[in-house]
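Structure file data21.txt; described as compact mmCIF, C-alpha atoms.
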# COMPACT_ATOMS: atom_id res chain seq x y z
CA MET A 1 25.06 -24.17 13.71
CA VAL A 2 24.64 -20.38 13.72
CA ASN A 3 23.89 -18.81 10.35
CA GLU A 4 26.85 -16.61 9.33
CA GLU A 5 24.52 -14.04 7.78
CA VAL A 6 22.44 -13.76 10.98
CA LEU A 7 25.56 -13.36 13.09
CA ARG A 8 26.95 -10.67 10.79
CA THR A 9 23.70 -8.67 10.92
CA HIS A 10 23.58 -8.73 14.72
CA LEU A 11 27.21 -7.69 15.04
CA GLN A 12 26.57 -4.84 12.58
CA GLU A 13 23.56 -3.68 14.64
CA LEU A 14 25.63 -3.79 17.81
CA ARG A 15 28.47 -1.78 16.24
CA ARG A 16 26.38 0.86 14.50
CA GLY A 17 26.00 3.35 17.35
CA THR A 18 29.54 2.94 18.59
CA VAL A 19 31.03 4.52 15.43
CA VAL A 20 29.69 7.92 16.56
CA VAL A 21 31.20 7.47 20.04
CA ALA A 22 34.53 6.40 18.57
CA SER A 23 34.61 9.32 16.10
CA LEU A 24 33.79 11.93 18.76
CA LEU A 25 36.49 10.44 21.01
CA ALA A 26 39.13 10.22 18.29
CA LEU A 27 38.46 13.74 17.01
CA ARG A 28 39.40 15.35 20.30
CA GLN A 29 42.62 15.53 18.27
CA PRO A 30 41.81 17.13 14.89
CA GLY A 31 41.83 14.74 11.97
CA TYR A 32 40.70 14.39 8.35
CA GLY A 33 38.53 11.67 6.81
CA TYR A 34 40.94 8.98 5.74
CA ALA A 35 43.33 9.48 8.69
CA LEU A 36 40.39 9.03 11.06
CA LEU A 37 39.31 5.91 9.19
CA GLN A 38 42.74 4.39 9.65
CA ARG A 39 42.94 5.43 13.28
CA LEU A 40 39.54 3.88 14.06
CA THR A 41 40.45 0.67 12.22
CA GLY A 42 43.73 0.55 14.18
CA HIS A 43 41.78 0.75 17.43
CA GLY A 44 39.43 -2.07 16.48
CA PHE A 45 36.59 0.00 14.99
CA PRO A 46 36.48 -1.15 11.37
CA VAL A 47 34.16 1.25 9.53
CA ASP A 48 33.29 1.58 5.84
CA ALA A 49 34.53 4.70 4.08
CA ASN A 50 31.11 5.30 2.53
CA THR A 51 29.62 5.35 6.03
CA LEU A 52 32.25 7.44 7.78
CA TYR A 53 32.58 10.35 5.32
CA PRO A 54 28.85 11.20 5.24
CA LEU A 55 28.68 10.65 9.02
CA LEU A 56 31.36 13.29 9.62
CA ARG A 57 29.39 15.83 7.60
CA ARG A 58 26.19 15.00 9.49
CA LEU A 59 27.90 15.39 12.88
CA GLU A 60 29.27 18.74 11.67
CA GLU A 61 25.79 19.90 10.63
CA GLN A 62 24.50 18.86 14.06
CA GLY A 63 27.18 21.06 15.63
CA LEU A 64 28.99 18.18 17.32
CA LEU A 65 32.08 18.67 15.17
CA THR A 66 33.81 21.82 13.93
CA SER A 67 35.90 21.84 10.78
CA GLU A 68 38.76 23.74 9.23
CA TRP A 69 40.37 23.49 5.83
CA ASN A 70 44.11 22.84 5.82
CA THR A 71 45.75 23.90 2.54
CA GLN A 72 49.36 23.58 3.73
CA GLU A 73 49.86 20.02 2.51
CA SER A 74 49.91 18.40 -0.92
CA ARG A 75 46.11 18.49 -1.19
CA PRO A 76 43.43 20.52 0.65
CA ARG A 77 42.06 18.51 3.56
CA LYS A 78 39.17 19.18 5.85
CA PHE A 79 40.12 18.69 9.50
CA TYR A 80 37.38 17.91 11.97
CA ARG A 81 37.48 18.44 15.74
CA THR A 82 34.98 17.58 18.47
CA SER A 83 33.13 20.75 19.57
CA ALA A 84 31.94 21.71 23.06
CA ASP A 85 28.46 20.39 22.19
CA GLY A 86 30.15 17.25 20.87
CA GLU A 87 31.86 16.76 24.25
CA THR A 88 28.52 17.08 26.07
CA VAL A 89 26.88 14.51 23.80
CA LEU A 90 29.95 12.26 24.04
CA ALA A 91 29.81 12.33 27.86
CA ARG A 92 26.15 11.22 27.77
CA LEU A 93 26.88 8.51 25.23
CA LEU A 94 29.81 7.16 27.27
CA ASP A 95 27.63 7.11 30.41
CA ASP A 96 25.02 5.17 28.53
CA LEU A 97 27.58 2.75 27.12
CA ALA A 98 28.85 2.14 30.66
CA ALA A 99 25.27 1.65 31.88
CA VAL A 100 24.71 -0.95 29.17
CA GLN A 101 27.89 -2.76 30.19
CA THR A 102 26.78 -2.70 33.86
CA SER A 103 23.35 -4.06 32.95
CA VAL A 104 24.85 -6.82 30.84
CA THR A 105 27.21 -7.76 33.66
CA GLY A 106 24.24 -7.81 36.07
CA LEU A 107 22.36 -10.15 33.78
CA ILE A 108 25.35 -12.47 33.37
CA GLU A 109 25.81 -12.70 37.14
CA GLY A 110 22.07 -13.11 37.63
CA ALA A 111 22.03 -16.03 35.24
CA ASP A 112 24.69 -17.82 37.29
CA ARG A 113 22.63 -17.66 40.48
CA MET B 1 40.17 15.08 -17.26
CA ASN B 2 37.98 12.07 -17.40
CA THR B 3 39.49 9.62 -14.94
CA LEU B 4 37.44 7.07 -13.04
CA THR B 5 37.63 9.33 -9.99
CA ASP B 6 36.21 12.28 -11.96
CA ARG B 7 33.38 10.13 -13.23
CA TYR B 8 32.73 8.78 -9.74
CA LEU B 9 32.62 12.31 -8.26
CA ALA B 10 30.29 13.54 -11.00
CA ALA B 11 27.95 10.59 -10.45
CA THR B 12 27.90 11.17 -6.69
CA LEU B 13 27.45 14.93 -6.78
CA ARG B 14 24.68 14.81 -9.38
CA SER B 15 22.04 14.44 -6.68
CA VAL B 16 23.69 16.55 -3.97
CA PRO B 17 22.27 20.09 -3.50
CA ALA B 18 24.30 22.62 -5.53
CA GLU B 19 25.32 24.84 -2.61
CA ARG B 20 27.18 21.99 -0.91
CA ARG B 21 28.48 20.35 -4.06
CA ASP B 22 31.91 22.02 -4.34
CA GLU B 23 32.80 21.46 -0.73
CA ILE B 24 31.82 17.81 -0.77
CA ALA B 25 33.64 17.36 -4.09
CA THR B 26 36.92 18.76 -2.74
CA GLU B 27 36.72 16.73 0.46
CA LEU B 28 35.70 13.51 -1.26
CA ARG B 29 38.39 13.88 -3.93
CA ALA B 30 41.03 14.37 -1.21
CA SER B 31 39.75 11.31 0.65
CA ILE B 32 39.83 9.19 -2.51
CA GLU B 33 43.35 10.36 -3.34
CA ASP B 34 44.45 9.61 0.25
CA MET B 35 43.08 6.09 -0.07
CA ILE B 36 44.74 5.53 -3.48
CA GLU B 37 48.05 6.92 -2.24
CA ASP B 38 47.96 4.59 0.73
CA ARG B 39 47.59 1.61 -1.56
CA THR B 40 50.20 2.67 -4.16
CA GLY B 41 52.60 3.22 -1.23
CA GLY B 42 52.19 -0.49 -0.60
CA GLY B 43 53.44 -1.20 -4.15
CA GLN B 44 50.13 -1.37 -6.01
CA HIS B 45 49.61 -0.01 -9.53
CA THR B 46 47.73 3.32 -9.51
CA ALA B 47 44.96 2.20 -11.89
CA THR B 48 44.30 -0.96 -9.86
CA ALA B 49 44.31 1.01 -6.61
CA GLU B 50 41.84 3.54 -8.03
CA ARG B 51 39.50 0.77 -9.11
CA GLU B 52 39.66 -0.89 -5.70
CA VAL B 53 39.05 2.32 -3.79
CA LEU B 54 36.03 3.31 -5.87
CA THR B 55 34.65 -0.23 -5.60
CA GLU B 56 35.04 0.01 -1.83
CA LEU B 57 33.13 3.30 -1.75
CA GLY B 58 30.34 1.58 -3.64
CA ASN B 59 27.34 2.78 -5.66
CA PRO B 60 27.61 6.58 -6.01
CA ASP B 61 23.84 6.99 -5.69
CA LEU B 62 23.95 5.23 -2.33
CA LEU B 63 26.85 7.41 -1.17
CA ALA B 64 25.01 10.56 -2.31
CA SER B 65 21.90 9.49 -0.43
CA ARG B 66 23.98 9.20 2.75
CA TYR B 67 25.30 12.73 2.23
CA THR B 68 21.85 14.18 1.70
CA ASP B 69 19.65 11.96 3.93
CA ARG B 70 17.59 11.21 0.84
CA ARG B 71 14.98 8.47 1.25
CA LEU B 72 15.86 5.27 -0.56
CA GLN B 73 12.34 3.91 -0.15
CA LEU B 74 9.06 4.78 -1.78
CA ILE B 75 7.03 4.60 1.43
CA GLY B 76 8.90 4.22 4.70
CA PRO B 77 7.88 2.60 7.99
CA THR B 78 6.17 5.81 9.19
CA TYR B 79 3.48 5.62 6.54
CA TYR B 80 3.61 2.02 5.32
CA LEU B 81 0.98 0.61 7.68
CA VAL B 82 -1.45 3.48 7.11
CA TRP B 83 -0.94 3.13 3.36
CA LEU B 84 -1.52 -0.62 3.48
CA ARG B 85 -4.67 -0.31 5.59
CA LEU B 86 -6.16 2.36 3.33
CA LEU B 87 -5.26 0.42 0.18
CA LYS B 88 -6.92 -2.75 1.45
CA LEU B 89 -10.01 -0.83 2.49
CA LEU B 90 -10.41 0.95 -0.87
CA LEU B 91 -9.65 -2.14 -2.97
CA SER B 92 -12.09 -4.23 -0.94
CA PHE B 93 -15.17 -2.66 -2.45
CA ILE B 94 -14.67 0.21 -4.94
CA PRO B 95 -13.55 -1.90 -7.97
CA ALA B 96 -16.39 -4.40 -7.29
CA ILE B 97 -19.01 -1.64 -7.12
CA VAL B 98 -17.80 0.11 -10.28
CA GLY B 99 -17.53 -3.21 -12.13
CA THR B 100 -21.09 -4.14 -11.12
CA VAL B 101 -22.43 -0.76 -12.25
CA VAL B 102 -20.72 -1.20 -15.63
CA VAL B 103 -22.17 -4.70 -16.07
CA VAL B 104 -25.68 -3.50 -15.23
CA VAL B 105 -25.44 -0.52 -17.59
CA GLU B 106 -24.04 -2.69 -20.41
CA VAL B 107 -26.75 -5.32 -19.89
CA ALA B 108 -29.38 -2.59 -19.92
CA GLN B 109 -27.97 -1.49 -23.27
CA GLY B 110 -28.43 -5.03 -24.55
CA ASN B 111 -24.78 -6.08 -24.79
CA GLY B 112 -25.44 -9.55 -23.33
CA PHE B 113 -22.58 -11.70 -22.05
CA GLY B 114 -19.92 -9.26 -23.29
CA ALA B 115 -20.99 -7.05 -20.39
CA ILE B 116 -19.36 -9.33 -17.80
CA GLY B 117 -15.95 -9.15 -19.47
CA ARG B 118 -16.25 -5.39 -19.79
CA GLY B 119 -17.16 -5.15 -16.08
CA ILE B 120 -14.09 -7.19 -15.06
CA VAL B 121 -11.79 -5.06 -17.22
CA VAL B 122 -13.15 -1.81 -15.76
CA ALA B 123 -12.90 -3.18 -12.19
CA MET B 124 -9.24 -4.05 -12.79
CA GLN B 125 -8.54 -0.62 -14.26
CA VAL B 126 -10.15 1.03 -11.25
CA GLY B 127 -8.04 -1.14 -8.92
CA VAL B 128 -4.83 -0.11 -10.73
CA GLN B 129 -5.84 3.56 -10.65
CA ILE B 130 -6.61 3.46 -6.91
CA THR B 131 -3.30 1.74 -6.15
CA PHE B 132 -1.30 4.17 -8.28
CA TRP B 133 -2.79 7.39 -6.95
CA LEU B 134 -2.80 6.28 -3.31
CA THR B 135 0.84 5.18 -3.54
CA LEU B 136 1.84 8.39 -5.31
CA THR B 137 0.13 10.47 -2.63
CA PHE B 138 1.94 8.64 0.16
CA ALA B 139 5.28 8.81 -1.68
CA VAL B 140 4.84 12.61 -1.91
CA ILE B 141 3.90 12.86 1.78
CA GLU B 142 6.94 10.74 2.66
CA ARG B 143 9.19 13.31 0.99
CA ALA B 144 7.38 16.59 1.56
CA GLN B 145 6.55 16.58 5.26
CA PRO B 146 8.97 14.53 7.31
CA GLY B 147 7.50 16.09 10.47
CA THR B 148 3.89 15.11 9.88
CA THR B 149 2.59 13.12 12.81
CA MET B 150 0.20 10.34 11.91
CA PRO B 151 -2.68 9.49 14.23
CA GLY B 152 -1.17 7.15 16.80
CA TRP B 153 -2.35 3.62 17.32
CA THR B 154 -4.71 2.91 20.23
CA VAL B 155 -6.16 -0.33 21.56
CA ASP B 156 -9.61 0.86 20.44
CA GLN B 157 -8.54 0.19 16.83
CA LEU B 158 -8.21 -3.54 17.49
CA PRO B 159 -10.52 -5.40 15.12
CA ASP B 160 -12.94 -7.99 16.45
CA VAL B 161 -11.58 -11.50 16.77
CA PRO B 162 -11.77 -12.75 13.16
CA THR B 163 -13.41 -16.12 13.91
CA HIS B 164 -16.62 -14.29 14.80
CA ARG B 165 -16.85 -12.67 11.39
CA ASP B 166 -17.82 -15.18 8.75
CA VAL B 167 -19.67 -12.52 6.72
CA SER B 168 -17.12 -10.33 4.96
CA LEU B 169 -17.50 -6.59 4.38
CA ALA B 170 -16.78 -7.06 0.67
CA ASP B 171 -19.65 -9.57 0.26
CA THR B 172 -22.04 -7.30 2.15
CA VAL B 173 -21.10 -4.23 0.13
CA ALA B 174 -21.43 -6.17 -3.13
CA SER B 175 -24.87 -7.51 -2.14
CA VAL B 176 -26.13 -4.09 -1.04
CA ALA B 177 -24.82 -2.53 -4.25
CA MET B 178 -26.60 -5.14 -6.37
CA LEU B 179 -29.87 -4.61 -4.48
CA ALA B 180 -29.58 -0.82 -4.73
CA LEU B 181 -28.94 -1.06 -8.46
CA THR B 182 -31.97 -3.33 -8.92
CA ILE B 183 -34.15 -0.92 -6.94
CA GLY B 184 -32.84 1.94 -9.04
CA TYR B 185 -33.42 0.07 -12.30
CA LEU B 186 -37.16 -0.38 -11.76
CA PRO B 187 -38.08 3.34 -12.07
CA PHE B 188 -35.14 3.90 -14.45
CA GLN B 189 -36.45 1.47 -17.12
CA HIS B 190 -39.75 3.33 -17.08
CA TYR B 191 -38.12 6.46 -18.46
CA GLN B 192 -35.08 5.07 -20.27
CA SER B 193 -35.31 1.56 -21.68
CA TRP B 194 -33.54 1.99 -25.05
CA VAL B 195 -36.71 0.77 -26.76
CA HIS B 196 -38.52 3.53 -28.59
CA ASP B 197 -41.85 3.78 -30.31
CA THR B 198 -42.21 5.15 -33.84
CA ASP B 199 -42.34 8.74 -32.50
CA GLY B 200 -39.06 8.26 -30.61
CA GLY B 201 -40.86 8.09 -27.25
CA ASN B 202 -39.69 5.64 -24.59
CA ILE B 203 -41.38 2.24 -24.13
CA PRO B 204 -40.92 0.87 -20.58
CA ILE B 205 -39.80 -2.78 -20.42
CA LEU B 206 -42.16 -3.64 -17.57
CA ASP B 207 -45.91 -3.14 -17.79
CA PRO B 208 -46.66 0.38 -16.43
CA ALA B 209 -49.91 -0.98 -14.95
CA LEU B 210 -47.77 -2.83 -12.37
CA TRP B 211 -46.87 0.49 -10.73
CA SER B 212 -50.31 0.52 -9.10
CA PHE B 213 -49.19 -2.23 -6.71
CA TRP B 214 -46.65 -4.90 -7.72
CA LEU B 215 -43.56 -2.83 -8.53
CA PRO B 216 -43.78 -0.76 -5.30
CA ALA B 217 -44.26 -4.04 -3.41
CA LEU B 218 -41.13 -5.54 -5.03
CA ILE B 219 -39.17 -2.39 -4.16
CA VAL B 220 -40.25 -2.78 -0.53
CA VAL B 221 -39.01 -6.39 -0.55
CA LEU B 222 -35.67 -5.32 -2.07
CA ALA B 223 -35.30 -2.52 0.51
CA ALA B 224 -36.00 -5.07 3.25
CA SER B 225 -33.24 -7.24 1.73
CA VAL B 226 -30.80 -4.31 2.06
CA VAL B 227 -31.70 -4.02 5.75
CA PHE B 228 -31.26 -7.80 6.05
CA GLU B 229 -27.73 -7.64 4.55
CA ILE B 230 -26.73 -4.95 7.05
CA VAL B 231 -28.17 -6.88 9.99
CA LYS B 232 -26.38 -10.01 8.77
CA TYR B 233 -23.07 -8.10 8.60
CA ARG B 234 -23.51 -6.73 12.12
CA THR B 235 -24.33 -10.20 13.39
CA GLY B 236 -21.15 -11.33 11.65
CA ARG B 237 -22.35 -14.85 10.79
CA TRP B 238 -25.26 -16.84 9.45
CA THR B 239 -27.79 -18.06 12.04
CA TRP B 240 -30.93 -20.15 11.50
CA PRO B 241 -33.27 -17.16 12.17
CA LEU B 242 -31.31 -15.16 9.57
CA PHE B 243 -31.63 -18.12 7.18
CA GLY B 244 -35.42 -18.09 7.71
CA VAL B 245 -35.72 -14.36 7.02
CA LYS B 246 -33.52 -14.68 3.94
CA GLY B 247 -35.73 -17.50 2.62
CA LEU B 248 -38.90 -15.45 3.18
CA LEU B 249 -37.44 -12.39 1.44
CA ASP B 250 -36.27 -14.43 -1.56
CA VAL B 251 -39.64 -16.11 -1.91
CA ALA B 252 -41.46 -12.78 -1.46
CA PHE B 253 -39.52 -11.44 -4.45
CA ALA B 254 -39.43 -14.49 -6.72
CA VAL B 255 -43.03 -15.71 -6.38
CA PRO B 256 -44.68 -12.44 -7.57
CA VAL B 257 -42.15 -12.16 -10.41
CA ALA B 258 -42.75 -15.76 -11.51
CA TRP B 259 -46.52 -15.46 -11.18
CA LEU B 260 -46.60 -12.19 -13.16
CA ALA B 261 -44.34 -13.73 -15.83
CA LEU B 262 -46.49 -16.88 -16.16
CA SER B 263 -49.71 -14.88 -16.40
CA ASP B 264 -48.12 -12.67 -19.08
CA ARG B 265 -48.46 -9.47 -17.01
CA LEU B 266 -44.78 -8.70 -16.40
CA LEU B 267 -43.67 -7.21 -19.71
CA ASN B 268 -45.12 -4.11 -21.31
CA PRO B 269 -47.65 -5.16 -24.05
CA ALA B 270 -46.52 -2.11 -26.05
CA LEU B 271 -43.16 -3.86 -26.58
CA ALA B 272 -44.87 -6.22 -29.00
CA ASP B 273 -45.43 -3.30 -31.37
CA ARG B 274 -41.69 -2.82 -31.76
CA LEU B 275 -40.32 -6.33 -31.19
CA SER B 276 -42.26 -8.56 -33.57
CA TRP B 277 -41.00 -11.71 -31.82
CA LEU B 278 -43.04 -10.75 -28.73
CA ALA B 279 -46.22 -10.35 -30.76
CA ASP B 280 -46.58 -14.16 -30.96
CA GLN B 281 -48.49 -15.49 -27.92
CA ASP B 282 -46.48 -18.77 -27.92
CA ASN B 283 -43.23 -16.84 -27.70
CA ARG B 284 -44.60 -14.73 -24.85
CA ASP B 285 -45.59 -17.89 -22.97
CA THR B 286 -42.15 -19.41 -23.50
CA LEU B 287 -40.46 -16.24 -22.24
CA GLY B 288 -42.75 -16.22 -19.20
CA VAL B 289 -41.77 -19.81 -18.35
CA VAL B 290 -38.05 -18.99 -18.76
CA ILE B 291 -38.35 -15.98 -16.43
CA ALA B 292 -40.33 -17.98 -13.86
CA LEU B 293 -37.84 -20.87 -13.94
CA SER B 294 -34.92 -18.45 -13.61
CA ALA B 295 -36.53 -16.80 -10.59
CA ALA B 296 -37.18 -20.22 -9.04
CA GLY B 297 -33.61 -21.32 -9.80
CA VAL B 298 -32.15 -18.22 -8.13
CA VAL B 299 -34.26 -18.82 -5.01
CA VAL B 300 -33.35 -22.51 -4.76
CA TRP B 301 -29.66 -21.81 -5.30
CA GLY B 302 -29.78 -19.00 -2.69
CA LEU B 303 -31.47 -21.27 -0.14
CA ILE B 304 -28.97 -24.10 -0.66
CA ASP B 305 -26.03 -21.68 -0.47
CA SER B 306 -27.19 -19.99 2.74
CA ALA B 307 -28.23 -23.31 4.31
CA VAL B 308 -24.70 -24.67 3.75
CA LYS B 309 -23.16 -21.51 5.23
CA THR B 310 -25.53 -21.48 8.18
CA ARG B 311 -24.84 -25.14 8.92
CA ARG B 312 -21.09 -24.57 8.78
CA GLN B 313 -21.12 -21.36 10.85
CA THR B 314 -23.51 -22.43 13.62
CA ARG B 315 -21.50 -25.51 14.49
Show me, as structure tokens, the structure contained in the file I just sent.
Amino acid sequence: MVNEEVLRTHLQELRRGTVVVASLLALRQPGYGYALLQRLTGHGFPVDANTLYPLLRRLEEQGLLTSEWNTQESRPRKFYRTSADGETVLARLLDDLAAVQTSVTGLIEGADR
Amino acid sequence: MNTLTDRYLAATLRSVPAERRDEIATELRASIEDMIEDRTGGGQHTATAEREVLTELGNPDLLASRYTDRRLQLIGPTYYLVWLRLLKLLLSFIPAIVGTVVVVVEVAQGNGFGAIGRGIVVAMQVGVQITFWLTLTFAVIERAQPGTTMPGWTVDQLPDVPTHRDVSLADTVASVAMLALTIGYLPFQHYQSWVHDTDGGNIPILDPALWSFWLPALIVVLAASVVFEIVKYRTGRWTWPLFGVKGLLDVAFAVPVAWLALSDRLLNPALADRLSWLADQDNRDTLGVVIALSAAGVVVWGLIDSAVKTRRQTR
């Protein structure tokens, strides 16, 4: 019987890096914190609010996201968008993700031999 | 305004650098209100929704640390192993040495058995001090210079296979320290024995006449014992030749001491002028026998102890 706690930790580890990929992808269309959170959850990337909000700021500081304040609506919201640098990093990350998938597939097929 | 949200924002922003505080506050407040609105839209009461949202965001200190990349550990993985290695090294011998020095000084001042307790207390205090200051230093390094590169690990740092080292560094250091202190005490007591004559001058404990031959000879034996301890440590284990040398050295020290004590030549005759108990010849004889028996006892115990170790380690 697999320990639930152990399983949860491994899944968390596996998911951790993919939140950045998902955010950079989703923010090709500008979005603000909570809207992004809902969009990611809708696409099968459940992420904690207290992880996502600080992450957005960090990606902005790293120059991978640009931001703009929108004061048209009921409350001022900060809209993020993936920058040119963000696209470059995203392309590398997606390549790597694909490479991981290829390697895993290779191992699965190898095990069947 | 003093809503839960206000209090949560204040608690979070407390540890965020001032220049970014307003921006983070505005964004975080909007996000919280978005989350609350989403829940009240689903028919929930505002107060309940607010509670749930803030609970979901979690401990404000943790959230703030994520905004600022602040370290939530005293000493992180970069420095932990270096810290641990240094701590073990320092604690392995410094408290023992200081404690021994204190015991010897207290005994020399005539404080008897109380000296051992005092030595243990001081050794523990030294241990606590070392741990505190070393940890503080590393905690400061952890925060001050995130870019500092520590010396990398190489295979040359691998310690010897532990089974070959039955003689520990701590034991060796303690033995050498004891020998060094004994060597130092012999000339020291000549000038500072805490026994004074009527003019306030110093009376050596040991007979000054012994300096013509016996005391230098004993110092040579003690110095040879220091060399022996170092050789034993480098060998890493007891062997029968080492046992033989140890026996010879112990005997070479104890026999002269016992013989001098029994023939009433060890202690300074001038002591009898100040300590009336020593003026009685019977008392002097008794003291001589006690010293001789003690010396013999130490030798016998040492031989048994090292024989047991040698037997165990040469198997």
6 Å contact set for segment 64-76 of chain A, only C-alpha atoms, chain neighbours under 5 positions out, as JSON, numbers by chain: {"A": [59, 81, 82, 83, 85, 86]}
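Neighbourhood of point (-23.1, -5.8, -3.6): residues with an atom at most 12 Å away, counting all atoms listed in the file, are Ser92, Phe93, Ile94, Pro95, Ala96, Ile97, Val98, Gly99, Thr100, Val101, Ser168, Leu169, Ala170, Asp171, Thr172, Val173, Ala174, Ser175, Val176, Ala177, Met178, Leu179, Ala180, Leu181, Thr182, Ser225, Val226, Glu229 and Ile230 of chain B.
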At most 8 Å to chain B: residues in chain A, all atoms listed in the file, as a PyMOL selection string: chain A and resi 33-34+48-51+53-55+57-58+75-78
Selection to disk with C-alpha atoms, as an mmCIF file, keeping the file's coordinate frame:
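part29.cif was written with the following content:
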data_model
loop_
_atom_site.group_PDB
_atom_site.id
_atom_site.type_symbol
_atom_site.label_atom_id
_atom_site.label_comp_id
_atom_site.auth_asym_id
_atom_site.auth_seq_id
_atom_site.Cartn_x
_atom_site.Cartn_y
_atom_site.Cartn_z
ATOM 1 C CA GLY A 33 38.530 11.670 6.810
ATOM 2 C CA TYR A 34 40.940 8.980 5.740
ATOM 3 C CA ASP A 48 33.290 1.580 5.840
ATOM 4 C CA ALA A 49 34.530 4.700 4.080
ATOM 5 C CA ASN A 50 31.110 5.300 2.530
ATOM 6 C CA THR A 51 29.620 5.350 6.030
ATOM 7 C CA TYR A 53 32.580 10.350 5.320
ATOM 8 C CA PRO A 54 28.850 11.200 5.240
ATOM 9 C CA LEU A 55 28.680 10.650 9.020
ATOM 10 C CA ARG A 57 29.390 15.830 7.600
ATOM 11 C CA ARG A 58 26.190 15.000 9.490
ATOM 12 C CA ARG A 75 46.110 18.490 -1.190
ATOM 13 C CA PRO A 76 43.430 20.520 0.650
ATOM 14 C CA ARG A 77 42.060 18.510 3.560
ATOM 15 C CA LYS A 78 39.170 19.180 5.850
#
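Comparing the minimum interatomic distances between Ser306 of chain B and each of B:Gln73, B:Thr239, B:Gln157, B:Asn268, counting all atoms listed in the file, we find that B:Thr239 sits nearest.
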Close residues, segment 242-257 of chain B itself excluded, 12 Å, all atoms listed in the file, min 6 positions apart in chain, as a PyMOL selection string: chain B and resi 179+182+206+210+213-236+263-267+288-311+313-314
Distance of atom CA of Tyr80 of chain A from atom CA of Ala26 of chain A, expressed in Å to one decimal place: 10.1 Å
Two-atom distance - atom CA of Ala25 of chain B, atom CA of Pro30 of chain A (Å):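 Separation of atom CA of Ala25 of chain B and atom CA of Pro30 of chain A: 20.7 Å.
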Fill-in result for segment 12-23 of chain B, N, CA and C atoms as a compact mmCIF listing (two decimals), in the coordinates of the input:
# COMPACT_ATOMS: atom_id res chain seq x y z
N THR B 12 28.34 10.98 -8.08
CA THR B 12 27.90 11.17 -6.69
C THR B 12 27.26 12.52 -6.49
N LEU B 13 27.88 13.56 -7.07
CA LEU B 13 27.45 14.93 -6.78
C LEU B 13 26.21 15.33 -7.54
N ARG B 14 25.86 14.55 -8.57
CA ARG B 14 24.68 14.81 -9.38
C ARG B 14 23.46 15.10 -8.51
N SER B 15 23.27 14.29 -7.46
CA SER B 15 22.04 14.44 -6.68
C SER B 15 22.27 15.13 -5.34
N VAL B 16 23.43 15.78 -5.19
CA VAL B 16 23.69 16.55 -3.97
C VAL B 16 23.32 18.01 -4.24
N PRO B 17 22.65 18.69 -3.28
CA PRO B 17 22.27 20.09 -3.50
C PRO B 17 23.46 20.95 -3.93
N ALA B 18 23.23 21.87 -4.88
CA ALA B 18 24.30 22.62 -5.53
C ALA B 18 25.16 23.39 -4.54
N GLU B 19 24.55 23.96 -3.49
CA GLU B 19 25.32 24.84 -2.61
C GLU B 19 26.38 24.08 -1.80
N ARG B 20 26.20 22.75 -1.69
CA ARG B 20 27.18 21.99 -0.91
C ARG B 20 28.10 21.17 -1.81
N ARG B 21 27.83 21.26 -3.13
CA ARG B 21 28.48 20.35 -4.06
C ARG B 21 30.00 20.51 -4.08
N ASP B 22 30.47 21.78 -4.19
CA ASP B 22 31.91 22.02 -4.34
C ASP B 22 32.68 21.54 -3.13
N GLU B 23 32.10 21.82 -1.94
CA GLU B 23 32.80 21.46 -0.73
C GLU B 23 32.92 19.95 -0.59
